[in-house]
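Colleague: My structure file structure-v7.txt, compact mmCIF, C-alpha atoms, is below:
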# COMPACT_ATOMS: atom_id res chain seq x y z
CA MET A 644 32.55 -15.05 15.67
CA PRO A 645 29.25 -15.27 13.76
CA GLU A 646 28.31 -12.22 11.74
CA GLN A 647 25.63 -10.12 13.40
CA PRO A 648 22.60 -9.21 11.29
CA ALA A 649 22.50 -5.61 10.20
CA ARG A 650 20.36 -3.47 12.45
CA ARG A 651 17.51 -1.70 10.70
CA PRO A 652 17.58 2.07 11.18
CA ARG A 653 14.99 3.42 13.61
CA VAL A 654 13.52 5.64 10.89
CA GLU A 655 13.34 4.60 7.23
CA GLU A 656 12.04 6.77 4.41
CA LEU A 657 10.25 4.32 2.14
CA ALA A 658 9.19 6.84 -0.51
CA TRP A 659 9.34 10.56 -1.19
CA GLU A 660 7.75 12.62 -3.97
CA PRO A 661 7.22 16.29 -4.80
CA THR A 662 3.55 17.15 -5.40
CA PRO A 663 1.55 20.30 -6.21
CA MET A 664 0.55 20.37 -2.52
CA GLY A 665 4.13 20.02 -1.27
CA GLU A 666 6.62 17.24 -0.55
CA ILE A 667 4.97 14.00 0.52
CA SER A 668 6.80 11.15 2.19
CA LEU A 669 6.12 7.66 3.49
CA ARG A 670 8.26 6.51 6.36
CA ARG A 671 8.50 3.62 8.77
CA ARG A 672 9.88 4.04 12.25
CA ARG A 673 10.34 1.93 15.34
CA ASP A 674 8.42 3.59 18.15
CA PRO A 675 10.64 3.83 21.26
CA VAL A 676 7.68 3.65 23.63
CA THR A 677 5.78 0.66 22.24
CA GLY A 678 8.55 -1.00 20.24
CA ALA A 679 6.15 -1.37 17.31
CA ASP A 680 6.74 -0.42 13.69
CA VAL A 681 4.73 2.67 12.73
CA LEU A 682 3.92 3.81 9.19
CA GLU A 683 3.48 7.54 8.67
CA ILE A 684 2.55 9.78 5.76
CA LYS A 685 3.75 13.39 5.94
CA LEU A 686 2.91 16.34 3.70
CA GLY A 687 5.70 18.81 4.25
CA ASP A 688 6.00 19.05 8.03
CA GLU A 689 2.40 17.97 8.69
CA PHE A 690 1.49 14.40 9.64
CA LEU A 691 -1.43 13.19 7.51
CA MET A 692 -1.71 9.64 8.83
CA SER A 693 -0.08 7.32 11.33
CA SER A 694 -0.69 3.62 11.79
CA MET A 695 -0.40 4.24 15.54
CA PHE A 696 -3.74 6.06 15.58
CA THR A 697 -6.38 4.43 13.37
CA VAL A 698 -9.40 3.99 15.65
CA ALA A 699 -11.20 7.15 14.55
CA GLU A 700 -10.55 6.48 10.84
CA GLU A 701 -12.10 3.04 11.27
CA GLU A 702 -15.00 4.47 13.28
CA LEU A 703 -15.66 6.95 10.47
CA ALA A 704 -16.58 3.96 8.31
CA ARG A 705 -18.43 1.99 11.00
CA LEU A 706 -20.52 4.92 12.21
CA GLY A 707 -21.29 6.12 8.70
CA LEU A 708 -22.35 2.71 7.43
CA ALA A 709 -24.36 1.99 10.59
CA MET A 710 -26.45 5.06 9.79
CA THR A 711 -27.39 3.68 6.36
CA GLY A 712 -29.56 0.96 7.91
CA THR A 713 -29.34 -2.37 9.68
CA SER A 714 -29.20 -4.96 6.92
CA ALA A 715 -29.12 -5.47 3.19
CA GLU A 716 -31.06 -8.74 3.48
CA GLY A 717 -34.47 -9.17 1.94
CA GLY A 718 -33.46 -8.03 -1.53
CA ALA A 719 -32.18 -4.56 -0.60
CA ALA A 720 -29.64 -3.14 -3.04
CA PRO A 721 -25.95 -3.31 -2.08
CA LEU A 722 -24.49 -0.09 -0.70
CA ASP A 723 -22.57 2.28 -2.97
CA VAL A 724 -19.89 4.06 -0.91
CA VAL A 725 -17.31 6.72 -1.70
CA VAL A 726 -14.39 7.61 0.56
CA GLY A 727 -12.65 10.95 0.17
CA GLY A 728 -9.03 10.49 1.22
CA LEU A 729 -7.03 7.27 0.97
CA GLY A 730 -4.16 7.78 3.43
CA LEU A 731 -3.01 4.47 4.89
CA GLY A 732 -6.30 2.86 3.86
CA TYR A 733 -7.88 2.12 7.24
CA THR A 734 -11.24 3.77 6.47
CA ALA A 735 -11.47 1.95 3.14
CA LEU A 736 -10.52 -1.40 4.71
CA THR A 737 -13.24 -0.99 7.32
CA VAL A 738 -15.81 -0.19 4.63
CA LEU A 739 -14.97 -3.44 2.84
CA GLU A 740 -15.51 -5.41 6.05
CA ASP A 741 -19.23 -4.61 5.75
CA ALA A 742 -20.85 -7.33 3.63
CA ARG A 743 -23.61 -4.92 2.57
CA VAL A 744 -21.14 -2.87 0.53
CA GLY A 745 -21.44 -3.57 -3.18
CA SER A 746 -19.02 -0.94 -4.45
CA LEU A 747 -16.40 1.38 -3.01
CA VAL A 748 -14.67 4.26 -4.79
CA VAL A 749 -11.75 5.86 -2.94
CA VAL A 750 -10.82 9.31 -4.25
CA ASP A 751 -7.42 10.83 -3.52
CA ALA A 752 -5.72 13.88 -4.99
CA LEU A 753 -2.23 12.41 -4.55
CA ALA A 754 -1.32 9.92 -7.25
CA GLU A 755 1.79 9.11 -5.23
CA VAL A 756 -0.25 7.69 -2.33
CA ILE A 757 -2.33 5.57 -4.71
CA GLY A 758 0.90 4.34 -6.28
CA TRP A 759 2.31 3.33 -2.88
CA HIS A 760 -0.80 1.23 -2.26
CA ARG A 761 -0.61 -0.42 -5.67
CA ALA A 762 3.10 -1.14 -5.21
CA GLY A 763 2.52 -2.81 -1.83
CA LEU A 764 4.51 -0.23 0.15
CA ILE A 765 1.40 0.30 2.29
CA PRO A 766 0.01 -3.03 3.61
CA ALA A 767 -3.66 -2.08 3.10
CA GLY A 768 -3.00 -1.73 -0.61
CA THR A 769 -2.77 -5.47 -1.14
CA VAL A 770 -6.33 -5.87 0.17
CA LEU A 771 -7.81 -2.79 -1.48
CA THR A 772 -6.41 -3.54 -4.93
CA ALA A 773 -7.46 -7.21 -4.76
CA ASP A 774 -11.10 -6.61 -3.78
CA PRO A 775 -13.27 -6.37 -6.93
CA ARG A 776 -15.66 -4.03 -5.12
CA CYS A 777 -12.97 -1.37 -4.66
CA ARG A 778 -11.47 1.18 -7.07
CA LEU A 779 -8.81 3.78 -6.29
CA VAL A 780 -9.41 7.00 -8.23
CA HIS A 781 -6.87 9.78 -8.66
CA ALA A 782 -8.84 13.04 -8.47
CA ASP A 783 -9.35 16.13 -6.35
CA PHE A 784 -12.32 15.08 -4.21
CA PHE A 785 -13.53 18.66 -3.72
CA ALA A 786 -13.25 19.59 -7.40
CA ALA A 787 -15.00 16.37 -8.42
CA LEU A 788 -17.79 17.08 -5.95
CA ALA A 789 -18.34 20.47 -7.58
CA SER A 790 -18.32 19.07 -11.12
CA VAL A 791 -21.25 17.86 -13.22
CA ASP A 792 -19.75 14.37 -13.55
CA GLY A 793 -19.28 13.88 -9.81
CA LEU A 794 -17.11 11.48 -7.86
CA ASP A 795 -17.02 8.44 -10.15
CA PRO A 796 -15.35 9.09 -13.53
CA ASP A 797 -16.82 5.82 -14.85
CA ALA A 798 -20.41 6.79 -13.96
CA PRO A 799 -21.10 10.53 -14.35
CA GLY A 800 -23.80 11.81 -12.04
CA ARG A 801 -23.73 8.75 -9.80
CA ARG A 802 -25.21 9.18 -6.33
CA TRP A 803 -24.19 7.42 -3.13
CA ASP A 804 -25.52 5.65 -0.06
CA ALA A 805 -22.59 7.00 1.96
CA VAL A 806 -19.93 9.67 1.44
CA LEU A 807 -17.15 9.35 4.04
CA VAL A 808 -14.51 12.09 4.13
CA ASP A 809 -11.11 12.11 5.85
CA ILE A 810 -8.94 14.71 4.13
CA ASP A 811 -8.56 17.89 6.19
CA HIS A 812 -7.64 18.11 9.85
CA SER A 813 -11.02 19.69 10.64
CA PRO A 814 -13.58 22.05 9.07
CA ARG A 815 -11.49 24.96 10.40
CA HIS A 816 -8.03 23.49 9.68
CA VAL A 817 -7.80 22.58 6.01
CA LEU A 818 -4.79 21.25 4.17
CA ASN A 819 -5.29 23.59 1.22
CA PRO A 820 -7.25 26.86 0.95
CA SER A 821 -9.16 25.43 -2.02
CA HIS A 822 -10.86 22.97 0.35
CA ALA A 823 -12.47 25.65 2.51
CA SER A 824 -15.60 26.08 0.35
CA PHE A 825 -16.60 22.48 1.13
CA TYR A 826 -17.41 23.57 4.69
CA THR A 827 -19.81 26.34 3.60
CA PRO A 828 -23.55 26.25 2.81
CA ALA A 829 -22.76 26.07 -0.92
CA GLY A 830 -20.35 23.18 -0.36
CA LEU A 831 -22.87 21.28 1.72
CA GLN A 832 -25.52 21.85 -0.95
CA ARG A 833 -23.20 20.34 -3.55
CA LEU A 834 -22.51 17.38 -1.27
CA ARG A 835 -26.19 16.68 -0.69
CA GLY A 836 -26.73 16.58 -4.43
CA HIS A 837 -24.44 13.54 -4.59
CA LEU A 838 -26.32 11.59 -1.89
CA LYS A 839 -29.22 9.27 -2.56
CA PRO A 840 -32.38 9.99 -0.55
CA GLY A 841 -31.44 8.89 2.96
CA GLY A 842 -27.77 8.77 2.01
CA VAL A 843 -25.23 9.41 4.77
CA PHE A 844 -22.45 11.97 5.05
CA ALA A 845 -19.70 11.32 7.62
CA LEU A 846 -16.65 13.49 8.26
CA TRP A 847 -13.54 12.87 10.37
CA SER A 848 -12.11 15.77 12.38
CA ASN A 849 -9.12 16.05 14.66
CA ASP A 850 -10.81 18.81 16.68
CA PRO A 851 -13.60 18.69 19.28
CA PRO A 852 -17.21 19.07 18.04
CA ASP A 853 -17.79 22.44 16.42
CA GLU A 854 -21.30 23.76 17.12
CA PRO A 855 -21.37 26.26 14.22
CA TYR A 856 -20.49 23.44 11.81
CA LEU A 857 -23.19 21.23 13.33
CA GLU A 858 -25.69 24.05 12.81
CA LEU A 859 -24.62 24.26 9.17
CA LEU A 860 -25.15 20.52 8.73
CA ARG A 861 -28.63 20.78 10.25
CA THR A 862 -29.69 23.23 7.54
CA LEU A 863 -29.59 20.53 4.84
CA LEU A 864 -29.28 17.16 6.57
CA VAL A 865 -31.30 15.29 9.20
CA ASP A 866 -30.26 13.16 12.19
CA VAL A 867 -27.14 15.31 12.51
CA ARG A 868 -24.77 14.57 15.36
CA ALA A 869 -21.09 14.65 16.35
CA ASP A 870 -19.68 11.49 17.93
CA VAL A 871 -16.50 11.81 19.97
CA VAL A 872 -14.17 8.84 19.46
CA THR A 873 -11.75 8.13 22.31
CA PHE A 874 -8.59 6.06 21.97
CA PRO A 875 -5.36 5.58 23.93
CA ASN A 876 -2.34 7.75 23.13
CA PRO A 877 0.72 5.85 24.41
CA LEU A 878 3.01 8.73 23.52
CA GLN A 879 1.36 10.95 26.10
CA ASP A 880 0.12 8.20 28.42
CA ARG A 881 -3.47 9.42 28.21
CA ASP A 882 -6.56 9.13 26.04
CA ALA A 883 -6.98 11.22 22.90
CA THR A 884 -10.15 12.12 21.02
CA ASN A 885 -11.29 12.76 17.46
CA THR A 886 -14.74 13.70 16.17
CA VAL A 887 -16.96 12.08 13.54
CA TYR A 888 -19.74 14.28 12.16
CA LEU A 889 -22.76 12.44 10.82
CA GLY A 890 -25.90 13.41 8.94
CA ARG A 891 -28.35 11.99 6.44
CA ALA A 892 -30.05 13.41 3.35
CA PRO A 893 -33.81 13.74 3.74
CA VAL A 894 -35.84 10.93 2.14
The structure in this file should be written as structure tokens.
Modeller:
Amino acid sequence: MPEQPARRPRVEELAWEPTPMGEISLRRRRDPVTGADVLEIKLGDEFLMSSMFTVAEEELARLGLAMTGTSAEGGAAPLDVVVGGLGLGYTALTVLEDARVGSLVVVDALAEVIGWHRAGLIPAGTVLTADPRCRLVHADFFAALASVDGLDPDAPGRRWDAVLVDIDHSPRHVLNPSHASFYTPAGLQRLRGHLKPGGVFALWSNDPPDEPYLELLRTLLVDVRADVVTFPNPLQDRDATNTVYLGRAPV
């Protein structure tokens, strides 16, 4: 009787590391509903990213870059973009799909996640590390934003055409208490100082639009809005929604 191939376990832990923020793990599982392989990153008991739900992370990039203008033709300078939060890389991949982008810096506080990308454990990593426009930077995004040097260690004081952030669950549900000041008037003032005139800020949130946060954004940015992104949730057999906040620095 021919030997049967070994069955892969339904859940595989591909990597696990202790970090200052807690235990972080990368796992692959076979979803019983769709039958597809799903990659997930967990920090402790919290899910940070899942390859099952990537629409809103991709829309964060598309909506943010769409707000920067329509075209880089006619001699316009290439776009300089920074992404706060690497995760599974879907926001960064979508940024690189835009031919107007001349440089992309992706800032993540977890060296372990960057290492998984560089080692090829996360599929997006092979694209991100091969594209000469893209650099993965190990740093605390929020601390770097508050520093004199800013978000690019190779170019202190550099300002950006777009700052796209996907780190916390929402402005009211942060992963670490040290992040909370980013969602205050002082934090927004610091952020605006890193944007070029007309530069765009875009933020992913798992929660519905928050009117008090929109009012805060309107104090320092223009063209502020919250776009609700809808996508199918096969686990619950219904649609789910995320929010992308958008605003632009005055020219």
Colleague: When you look at His812 (chain A) with a cut-off of 12 Å (counting all atoms listed in the file), what residues show up, excluding the ones that are within fewer than 3 positions of it in the same chain? I need them as a PDB file with C-alpha atoms, keeping the file's coordinate frame.
Modeller:
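Final output, selection.pdb:
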ATOM      1  CA  GLU A 689       2.400  17.970   8.690  1.00  0.00           C
ATOM      2  CA  PHE A 690       1.490  14.400   9.640  1.00  0.00           C
ATOM      3  CA  LEU A 691      -1.430  13.190   7.510  1.00  0.00           C
ATOM      4  CA  MET A 692      -1.710   9.640   8.830  1.00  0.00           C
ATOM      5  CA  GLY A 728      -9.030  10.490   1.220  1.00  0.00           C
ATOM      6  CA  VAL A 808     -14.510  12.090   4.130  1.00  0.00           C
ATOM      7  CA  ASP A 809     -11.110  12.110   5.850  1.00  0.00           C
ATOM      8  CA  ARG A 815     -11.490  24.960  10.400  1.00  0.00           C
ATOM      9  CA  HIS A 816      -8.030  23.490   9.680  1.00  0.00           C
ATOM     10  CA  VAL A 817      -7.800  22.580   6.010  1.00  0.00           C
ATOM     11  CA  LEU A 818      -4.790  21.250   4.170  1.00  0.00           C
ATOM     12  CA  ASN A 819      -5.290  23.590   1.220  1.00  0.00           C
ATOM     13  CA  HIS A 822     -10.860  22.970   0.350  1.00  0.00           C
ATOM     14  CA  ALA A 823     -12.470  25.650   2.510  1.00  0.00           C
ATOM     15  CA  LEU A 846     -16.650  13.490   8.260  1.00  0.00           C
ATOM     16  CA  TRP A 847     -13.540  12.870  10.370  1.00  0.00           C
ATOM     17  CA  SER A 848     -12.110  15.770  12.380  1.00  0.00           C
ATOM     18  CA  ASN A 849      -9.120  16.050  14.660  1.00  0.00           C
ATOM     19  CA  ASP A 850     -10.810  18.810  16.680  1.00  0.00           C
ATOM     20  CA  PRO A 851     -13.600  18.690  19.280  1.00  0.00           C
ATOM     21  CA  ASN A 885     -11.290  12.760  17.460  1.00  0.00           C
ATOM     22  CA  THR A 886     -14.740  13.700  16.170  1.00  0.00           C
ATOM     23  CA  VAL A 887     -16.960  12.080  13.540  1.00  0.00           C
TER      24      VAL A 887
END
Colleague: If you count only C-alpha atoms, which residues fall within 10 Å of Ile667 (chain A), apart from same-chain ones fewer than 2 positions away, as a ChimeraX atom specification?
Modeller: /A:658-665,669,684-691,753,755-756
Colleague: If the box runs along x, y and z of the file and leaves 8 Å on each side of region 761-769 of chain A, what are its centre and edge lengths in Å, one decimal, as lines of an AutoDock Vina configuration file?
Modeller:
center_x = 0.4
center_y = -2.6
center_z = -1.0
size_x = 24.2
size_y = 21.8
size_z = 25.3
Colleague: Quick one: distance from CA of Leu834 (chain A) to CA of Ser693 (chain A) in Å, one decimal?
Modeller: 27.6 Å
Colleague: Select, from A:Val724, A:Val791, A:Leu831, A:Ala699, the residue with the minimum atom-to-atom distance to Ala805 (chain A), counting all atoms listed in the file.
Modeller: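 Looking only at the distances to Ala805 (chain A), the closest residue turns out to be A:Val724.
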Colleague: Between A:Met695, A:Arg881, A:His760, A:Trp803, which residue has the minimum interatomic distance to Ala720 (chain A), considering only C-alpha atoms?
Modeller: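 Looking at the shortest contact to Ala720 (chain A), the residue is A:Trp803.
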Colleague: Generate all heavy atoms for region 653-664 of chain A and emit them as an mmCIF file, keeping the file's coordinate frame.
Modeller:
data_model
loop_
_atom_site.group_PDB
_atom_site.id
_atom_site.type_symbol
_atom_site.label_atom_id
_atom_site.label_comp_id
_atom_site.auth_asym_id
_atom_site.auth_seq_id
_atom_site.Cartn_x
_atom_site.Cartn_y
_atom_site.Cartn_z
ATOM 1 N N ARG A 653 16.230 3.159 12.866
ATOM 2 C CA ARG A 653 14.990 3.420 13.610
ATOM 3 C C ARG A 653 13.963 4.126 12.753
ATOM 4 O O ARG A 653 12.766 3.943 12.926
ATOM 5 C CB ARG A 653 15.278 4.238 14.873
ATOM 6 C CG ARG A 653 14.116 4.249 15.859
ATOM 7 C CD ARG A 653 14.486 4.910 17.161
ATOM 8 N NE ARG A 653 14.650 6.348 17.044
ATOM 9 C CZ ARG A 653 13.627 7.212 17.088
ATOM 10 N NH1 ARG A 653 12.396 6.776 17.218
ATOM 11 N NH2 ARG A 653 13.853 8.505 16.987
ATOM 12 N N VAL A 654 14.425 4.951 11.808
ATOM 13 C CA VAL A 654 13.520 5.640 10.890
ATOM 14 C C VAL A 654 13.969 5.362 9.462
ATOM 15 O O VAL A 654 15.147 5.555 9.124
ATOM 16 C CB VAL A 654 13.501 7.163 11.145
ATOM 17 C CG1 VAL A 654 12.567 7.850 10.145
ATOM 18 C CG2 VAL A 654 13.069 7.474 12.574
ATOM 19 N N GLU A 655 13.057 4.869 8.636
ATOM 20 C CA GLU A 655 13.340 4.600 7.230
ATOM 21 C C GLU A 655 12.378 5.382 6.361
ATOM 22 O O GLU A 655 11.156 5.315 6.563
ATOM 23 C CB GLU A 655 13.167 3.115 6.910
ATOM 24 C CG GLU A 655 14.126 2.185 7.603
ATOM 25 C CD GLU A 655 13.805 0.744 7.256
ATOM 26 O OE1 GLU A 655 12.965 0.137 7.943
ATOM 27 O OE2 GLU A 655 14.381 0.232 6.278
ATOM 28 N N GLU A 656 12.895 6.103 5.397
ATOM 29 C CA GLU A 656 12.040 6.770 4.410
ATOM 30 C C GLU A 656 11.812 5.789 3.272
ATOM 31 O O GLU A 656 12.737 5.447 2.529
ATOM 32 C CB GLU A 656 12.702 8.048 3.911
ATOM 33 C CG GLU A 656 11.787 8.864 3.013
ATOM 34 C CD GLU A 656 12.355 10.230 2.685
ATOM 35 O OE1 GLU A 656 13.229 10.297 1.800
ATOM 36 O OE2 GLU A 656 11.932 11.213 3.320
ATOM 37 N N LEU A 657 10.585 5.318 3.145
ATOM 38 C CA LEU A 657 10.250 4.320 2.140
ATOM 39 C C LEU A 657 9.986 4.934 0.775
ATOM 40 O O LEU A 657 10.198 4.295 -0.253
ATOM 41 C CB LEU A 657 9.019 3.517 2.584
ATOM 42 C CG LEU A 657 9.130 2.823 3.942
ATOM 43 C CD1 LEU A 657 7.841 2.078 4.252
ATOM 44 C CD2 LEU A 657 10.314 1.868 3.974
ATOM 45 N N ALA A 658 9.481 6.172 0.760
ATOM 46 C CA ALA A 658 9.190 6.840 -0.510
ATOM 47 C C ALA A 658 9.081 8.335 -0.245
ATOM 48 O O ALA A 658 8.694 8.774 0.841
ATOM 49 C CB ALA A 658 7.897 6.311 -1.115
ATOM 50 N N TRP A 659 9.411 9.104 -1.273
ATOM 51 C CA TRP A 659 9.340 10.560 -1.190
ATOM 52 C C TRP A 659 9.031 11.090 -2.584
ATOM 53 O O TRP A 659 9.600 10.609 -3.573
ATOM 54 C CB TRP A 659 10.654 11.138 -0.695
ATOM 55 C CG TRP A 659 10.717 12.645 -0.735
ATOM 56 C CD1 TRP A 659 10.396 13.502 0.274
ATOM 57 C CD2 TRP A 659 11.114 13.461 -1.841
ATOM 58 N NE1 TRP A 659 10.564 14.810 -0.131
ATOM 59 C CE2 TRP A 659 11.000 14.813 -1.432
ATOM 60 C CE3 TRP A 659 11.534 13.189 -3.143
ATOM 61 C CZ2 TRP A 659 11.318 15.885 -2.280
ATOM 62 C CZ3 TRP A 659 11.830 14.249 -3.994
ATOM 63 C CH2 TRP A 659 11.727 15.582 -3.557
ATOM 64 N N GLU A 660 8.113 12.049 -2.675
ATOM 65 C CA GLU A 660 7.750 12.620 -3.970
ATOM 66 C C GLU A 660 7.386 14.089 -3.803
ATOM 67 O O GLU A 660 6.736 14.466 -2.819
ATOM 68 C CB GLU A 660 6.542 11.890 -4.573
ATOM 69 C CG GLU A 660 6.738 10.421 -4.873
ATOM 70 C CD GLU A 660 7.585 10.162 -6.096
ATOM 71 O OE1 GLU A 660 7.829 11.126 -6.861
ATOM 72 O OE2 GLU A 660 8.000 9.012 -6.294
ATOM 73 N N PRO A 661 7.761 14.927 -4.770
ATOM 74 C CA PRO A 661 7.220 16.290 -4.800
ATOM 75 C C PRO A 661 5.811 16.265 -5.397
ATOM 76 O O PRO A 661 5.531 15.481 -6.308
ATOM 77 C CB PRO A 661 8.194 17.034 -5.714
ATOM 78 C CG PRO A 661 8.710 15.974 -6.639
ATOM 79 C CD PRO A 661 8.739 14.691 -5.840
ATOM 80 N N THR A 662 4.918 17.079 -4.877
ATOM 81 C CA THR A 662 3.550 17.150 -5.400
ATOM 82 C C THR A 662 3.136 18.615 -5.474
ATOM 83 O O THR A 662 3.790 19.479 -4.881
ATOM 84 C CB THR A 662 2.549 16.400 -4.498
ATOM 85 O OG1 THR A 662 2.199 17.222 -3.371
ATOM 86 C CG2 THR A 662 3.106 15.073 -4.011
ATOM 87 N N PRO A 663 2.040 18.915 -6.180
ATOM 88 C CA PRO A 663 1.550 20.300 -6.210
ATOM 89 C C PRO A 663 1.186 20.840 -4.833
ATOM 90 O O PRO A 663 1.153 22.051 -4.625
ATOM 91 C CB PRO A 663 0.318 20.213 -7.118
ATOM 92 C CG PRO A 663 0.569 19.029 -7.984
ATOM 93 C CD PRO A 663 1.299 18.059 -7.120
ATOM 94 N N MET A 664 0.913 19.941 -3.873
ATOM 95 C CA MET A 664 0.550 20.370 -2.520
ATOM 96 C C MET A 664 1.767 20.454 -1.596
ATOM 97 O O MET A 664 1.643 20.858 -0.443
ATOM 98 C CB MET A 664 -0.491 19.409 -1.927
ATOM 99 C CG MET A 664 -1.821 19.414 -2.653
ATOM 100 S SD MET A 664 -2.999 18.222 -1.962
ATOM 101 C CE MET A 664 -3.281 18.933 -0.339
#
